[in-house]
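Trainee: Before I ask anything, let me first share the structure, which is written out below as structure tokens.
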Amino acid sequence: MQNKDMSGNTEKLAALTFDDGPSADTTAQVLDVLEEFHETGTFFLIGQNINEQTEGMVKRALKMGCEIENHSWSHPAMPELSAAQIREEVSRTTEQIVRITGREPVFFRPPYIAISDEMYEQIPLTFIAGIGCEDWNDQVSAGERAERILSGVMDGAVILLHDMAGNQKTVDALRLIIPRLKQMGYRFVTMERLFEEKGIVLNENVPVGERRCYSCVQ
């Protein structure tokens, strides 16, 4: 069900999410843009990218009201790993997130959005995909990135971007995406808030064969 904003227009929800950080440069710039527009996002961290230099970015995001979630330790092709390796990729990153934030992650974004039944079996988190724009590819301009998101977005969308080191074009695209979607009647929320407002109860005990990787929450 869609809400009405104060002007009477239909209000739609979307979650801004960022993969492959934290990085000292791009994550800081993404946070600058979110702060400028008074918005929050959800950051899916690669555990091995957390260090003395980048930990401050995670703490800043948390202070701004952003959510911190799990994107594996080393970004491998996880369907090729053993059960023990899958568990270690997730648990090591979870340990770092808990150490910094004091909060257990709720969501997991699979590297390359590659999934398997074994991953569903071993990872007790809700899997999240998203609407992307190939923003890991430097050949895709900031304008193209923005237009791909704007053309694919829908109510309940999970917008998938990357705050990896040096990804300036996504920072520039974000400055286009946020005001345009606001004009289109969207309100940005974090991942947990998106599930909550859409009335979907997270349940890690769903049978493996019935689990899914969410790109949109409706």
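Ligands are numbered from 1 in the order shown, residues from 1 within each chain, and chains are lettered A, B, ... in the order they appear in the structure tokens.
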Please report as JSON lines every residue of segment 112-169 of chain A lying within 12 Å of segment 192-201 of chain A, along with the nearest atom pair and their distance in Å (one decimal), using only C-alpha atoms.
Mentor:
```
{"residue": "A:Thr126", "atom": "CA", "partner": "A:Glu192", "partner_atom": "CA", "distance": 10.5}
{"residue": "A:Ile128", "atom": "CA", "partner": "A:Glu192", "partner_atom": "CA", "distance": 11.4}
{"residue": "A:Asp155", "atom": "CA", "partner": "A:Lys198", "partner_atom": "CA", "distance": 10.0}
{"residue": "A:Gly156", "atom": "CA", "partner": "A:Leu194", "partner_atom": "CA", "distance": 7.1}
{"residue": "A:Ala157", "atom": "CA", "partner": "A:Leu194", "partner_atom": "CA", "distance": 9.0}
{"residue": "A:Val158", "atom": "CA", "partner": "A:Leu194", "partner_atom": "CA", "distance": 8.9}
{"residue": "A:Ile159", "atom": "CA", "partner": "A:Leu194", "partner_atom": "CA", "distance": 11.9}
```
Trainee: What separation in Å, quoted to one decimal, exists between atom CA of Leu202 of chain A and atom CA of Glu11 of chain A?
Mentor: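 If I compute the distance from atom CA of Leu202 of chain A to atom CA of Glu11 of chain A, I get 23.3 Å.
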Trainee: Quick check for you: according to DSSP on this backbone, which residues of segment 31-159 of chain A are classed as alpha helix (DSSP H)? Reply as an mmCIF file with C-alpha atoms, in the first residue's frame.
Mentor:
```
data_model
loop_
_atom_site.group_PDB
_atom_site.id
_atom_site.type_symbol
_atom_site.label_atom_id
_atom_site.label_comp_id
_atom_site.auth_asym_id
_atom_site.auth_seq_id
_atom_site.Cartn_x
_atom_site.Cartn_y
_atom_site.Cartn_z
ATOM 1 C CA LEU A 31 28.000 10.372 3.046
ATOM 2 C CA ASP A 32 28.535 14.033 2.138
ATOM 3 C CA VAL A 33 25.797 13.779 -0.509
ATOM 4 C CA LEU A 34 23.397 11.958 1.813
ATOM 5 C CA GLU A 35 24.021 14.561 4.497
ATOM 6 C CA GLU A 36 23.472 17.393 2.017
ATOM 7 C CA GLU A 55 36.471 2.530 10.213
ATOM 8 C CA GLY A 56 35.716 6.210 10.767
ATOM 9 C CA MET A 57 33.498 6.177 7.677
ATOM 10 C CA VAL A 58 31.446 3.346 9.163
ATOM 11 C CA LYS A 59 31.042 5.206 12.445
ATOM 12 C CA ARG A 60 30.042 8.374 10.604
ATOM 13 C CA ALA A 61 27.419 6.481 8.585
ATOM 14 C CA LEU A 62 26.026 4.967 11.762
ATOM 15 C CA LYS A 63 25.855 8.373 13.445
ATOM 16 C CA ALA A 83 29.933 -24.667 3.562
ATOM 17 C CA ALA A 84 32.673 -23.810 6.061
ATOM 18 C CA GLN A 85 34.141 -21.148 3.764
ATOM 19 C CA ILE A 86 30.710 -19.582 3.234
ATOM 20 C CA ARG A 87 30.150 -19.355 6.976
ATOM 21 C CA GLU A 88 33.592 -17.821 7.527
ATOM 22 C CA GLU A 89 33.108 -15.174 4.816
ATOM 23 C CA VAL A 90 29.970 -13.971 6.565
ATOM 24 C CA SER A 91 30.909 -14.475 10.205
ATOM 25 C CA ARG A 92 34.211 -12.590 9.949
ATOM 26 C CA THR A 93 32.453 -9.560 8.509
ATOM 27 C CA THR A 94 29.642 -9.791 11.040
ATOM 28 C CA GLU A 95 32.218 -9.773 13.835
ATOM 29 C CA GLN A 96 33.720 -6.542 12.514
ATOM 30 C CA ILE A 97 30.298 -4.920 12.111
ATOM 31 C CA VAL A 98 29.316 -5.851 15.664
ATOM 32 C CA ARG A 99 32.635 -4.582 16.989
ATOM 33 C CA ILE A 100 32.134 -1.174 15.392
ATOM 34 C CA THR A 101 28.365 -0.716 15.616
ATOM 35 C CA ASP A 117 20.978 -23.358 -1.880
ATOM 36 C CA GLU A 118 24.122 -23.943 0.177
ATOM 37 C CA MET A 119 24.436 -20.204 0.789
ATOM 38 C CA TYR A 120 20.803 -20.010 1.890
ATOM 39 C CA GLU A 121 21.479 -22.936 4.194
ATOM 40 C CA GLN A 122 24.606 -21.465 5.782
ATOM 41 C CA ALA A 142 27.310 9.430 -14.221
ATOM 42 C CA GLY A 143 24.353 10.523 -16.337
ATOM 43 C CA GLU A 144 23.833 7.021 -17.710
ATOM 44 C CA ARG A 145 23.972 5.570 -14.225
ATOM 45 C CA ALA A 146 21.325 7.972 -13.009
ATOM 46 C CA GLU A 147 19.036 7.371 -15.985
ATOM 47 C CA ARG A 148 19.257 3.597 -15.600
ATOM 48 C CA ILE A 149 18.188 3.853 -11.972
ATOM 49 C CA LEU A 150 15.421 6.329 -12.728
ATOM 50 C CA SER A 151 14.031 4.194 -15.548
ATOM 51 C CA GLY A 152 14.023 1.007 -13.463
#
```
Trainee: Find the residue from A:Asn167, A:Ser72, A:Gln218, A:Gln48 that sits nearest to Ala14 of chain A; use only C-alpha atoms when measuring.
Mentor: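 Selected residue with least distance to Ala14 of chain A: A:Gln218.
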Trainee: As a PyMOL selection string, list the residues of segment 7-171 of chain A assigned to strand (DSSP E) by DSSP on the backbone atoms of this structure.
Mentor: chain A and resi 10-21+42-45+67-70+107-108+126-128+157-162
Trainee: Let me see the file: selected residues, C-alpha atoms, as a short mmCIF file (atom, residue, chain, number, x, y, z; two decimals), in the first residue's frame.
Mentor:
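part.cif written:
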```cif
data_model
loop_
_atom_site.label_atom_id
_atom_site.label_comp_id
_atom_site.auth_asym_id
_atom_site.auth_seq_id
_atom_site.Cartn_x
_atom_site.Cartn_y
_atom_site.Cartn_z
CA THR A 10 1.20 9.22 -3.74
CA GLU A 11 4.36 8.54 -1.74
CA LYS A 12 6.62 5.70 -2.81
CA LEU A 13 9.51 4.14 -0.93
CA ALA A 14 13.04 3.29 -2.04
CA ALA A 15 16.21 2.24 -0.26
CA LEU A 16 19.60 3.60 -1.32
CA THR A 17 22.20 0.88 -0.80
CA PHE A 18 25.95 0.85 -1.36
CA ASP A 19 28.30 -2.10 -1.89
CA ASP A 20 32.03 -2.79 -1.69
CA GLY A 21 33.03 -0.21 0.92
CA THR A 42 22.34 1.19 3.83
CA PHE A 43 25.97 0.14 3.41
CA PHE A 44 26.90 -3.46 2.61
CA LEU A 45 30.51 -3.82 3.74
CA GLU A 67 22.45 0.93 8.40
CA ILE A 68 25.51 -1.29 8.16
CA GLU A 69 25.08 -4.73 6.58
CA ASN A 70 27.14 -7.68 5.34
CA PHE A 107 20.81 -8.39 5.60
CA PHE A 108 23.35 -9.98 3.27
CA THR A 126 17.95 -11.98 4.52
CA PHE A 127 19.44 -11.85 1.01
CA ILE A 128 19.22 -8.56 -0.86
CA ALA A 157 12.86 -0.60 -4.88
CA VAL A 158 16.27 -1.44 -3.51
CA ILE A 159 18.72 0.78 -5.40
CA LEU A 160 22.13 -0.90 -5.75
CA LEU A 161 25.17 1.39 -6.05
CA HIS A 162 28.86 1.00 -5.19
#
```
Trainee: Counting only C-alpha atoms, which residue out of A:Asp172, A:Glu80, A:Glu134, A:Glu104 sits closest to Ser116 of chain A?
Mentor: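 Smallest distance to Ser116 of chain A is found for A:Glu80.
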Trainee: Between A:Thr54, A:Val217, A:Pro110, A:Leu174, which is the closest to Asp25 of chain A once you count only C-alpha atoms?
Mentor: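 Nearest candidate to Asp25 of chain A out of A:Thr54, A:Val217, A:Pro110, A:Leu174: A:Thr54.
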Trainee: Using only C-alpha atoms, find the one residue out of A:Arg187, A:His38, A:His71, A:Arg103 that sits nearest to Ile50 of chain A.
Mentor: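 Using only C-alpha atoms, the shortest distance to Ile50 of chain A belongs to A:His71.
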Trainee: Could you tell me how far atom CA of Arg109 of chain A lies from atom CA of Pro79 of chain A, in Å and to one decimal?
Mentor: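 Answer for the atom CA of Arg109 of chain A to atom CA of Pro79 of chain A separation: 13.3 Å.
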Trainee: By how many Å are atom CA of Met154 of chain A and atom CA of Cys216 of chain A apart?
Mentor: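 Atom-to-atom, atom CA of Met154 of chain A and atom CA of Cys216 of chain A are spaced 7.9 Å apart.
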Trainee: For Thr27 of chain A, which of A:Ala165, A:Ile177, A:Met184, A:His75 is the closest residue, counting only C-alpha atoms?
Mentor: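 Nearest to Thr27 of chain A: A:Ala165.
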Trainee: Pick the closest to Ala28 of chain A from A:Met164, A:Gly130, A:Asn51, A:Tyr112: which is it, counting only C-alpha atoms?
Mentor: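 Between A:Met164, A:Gly130, A:Asn51, A:Tyr112, the residue approaching Ala28 of chain A most closely is A:Met164.
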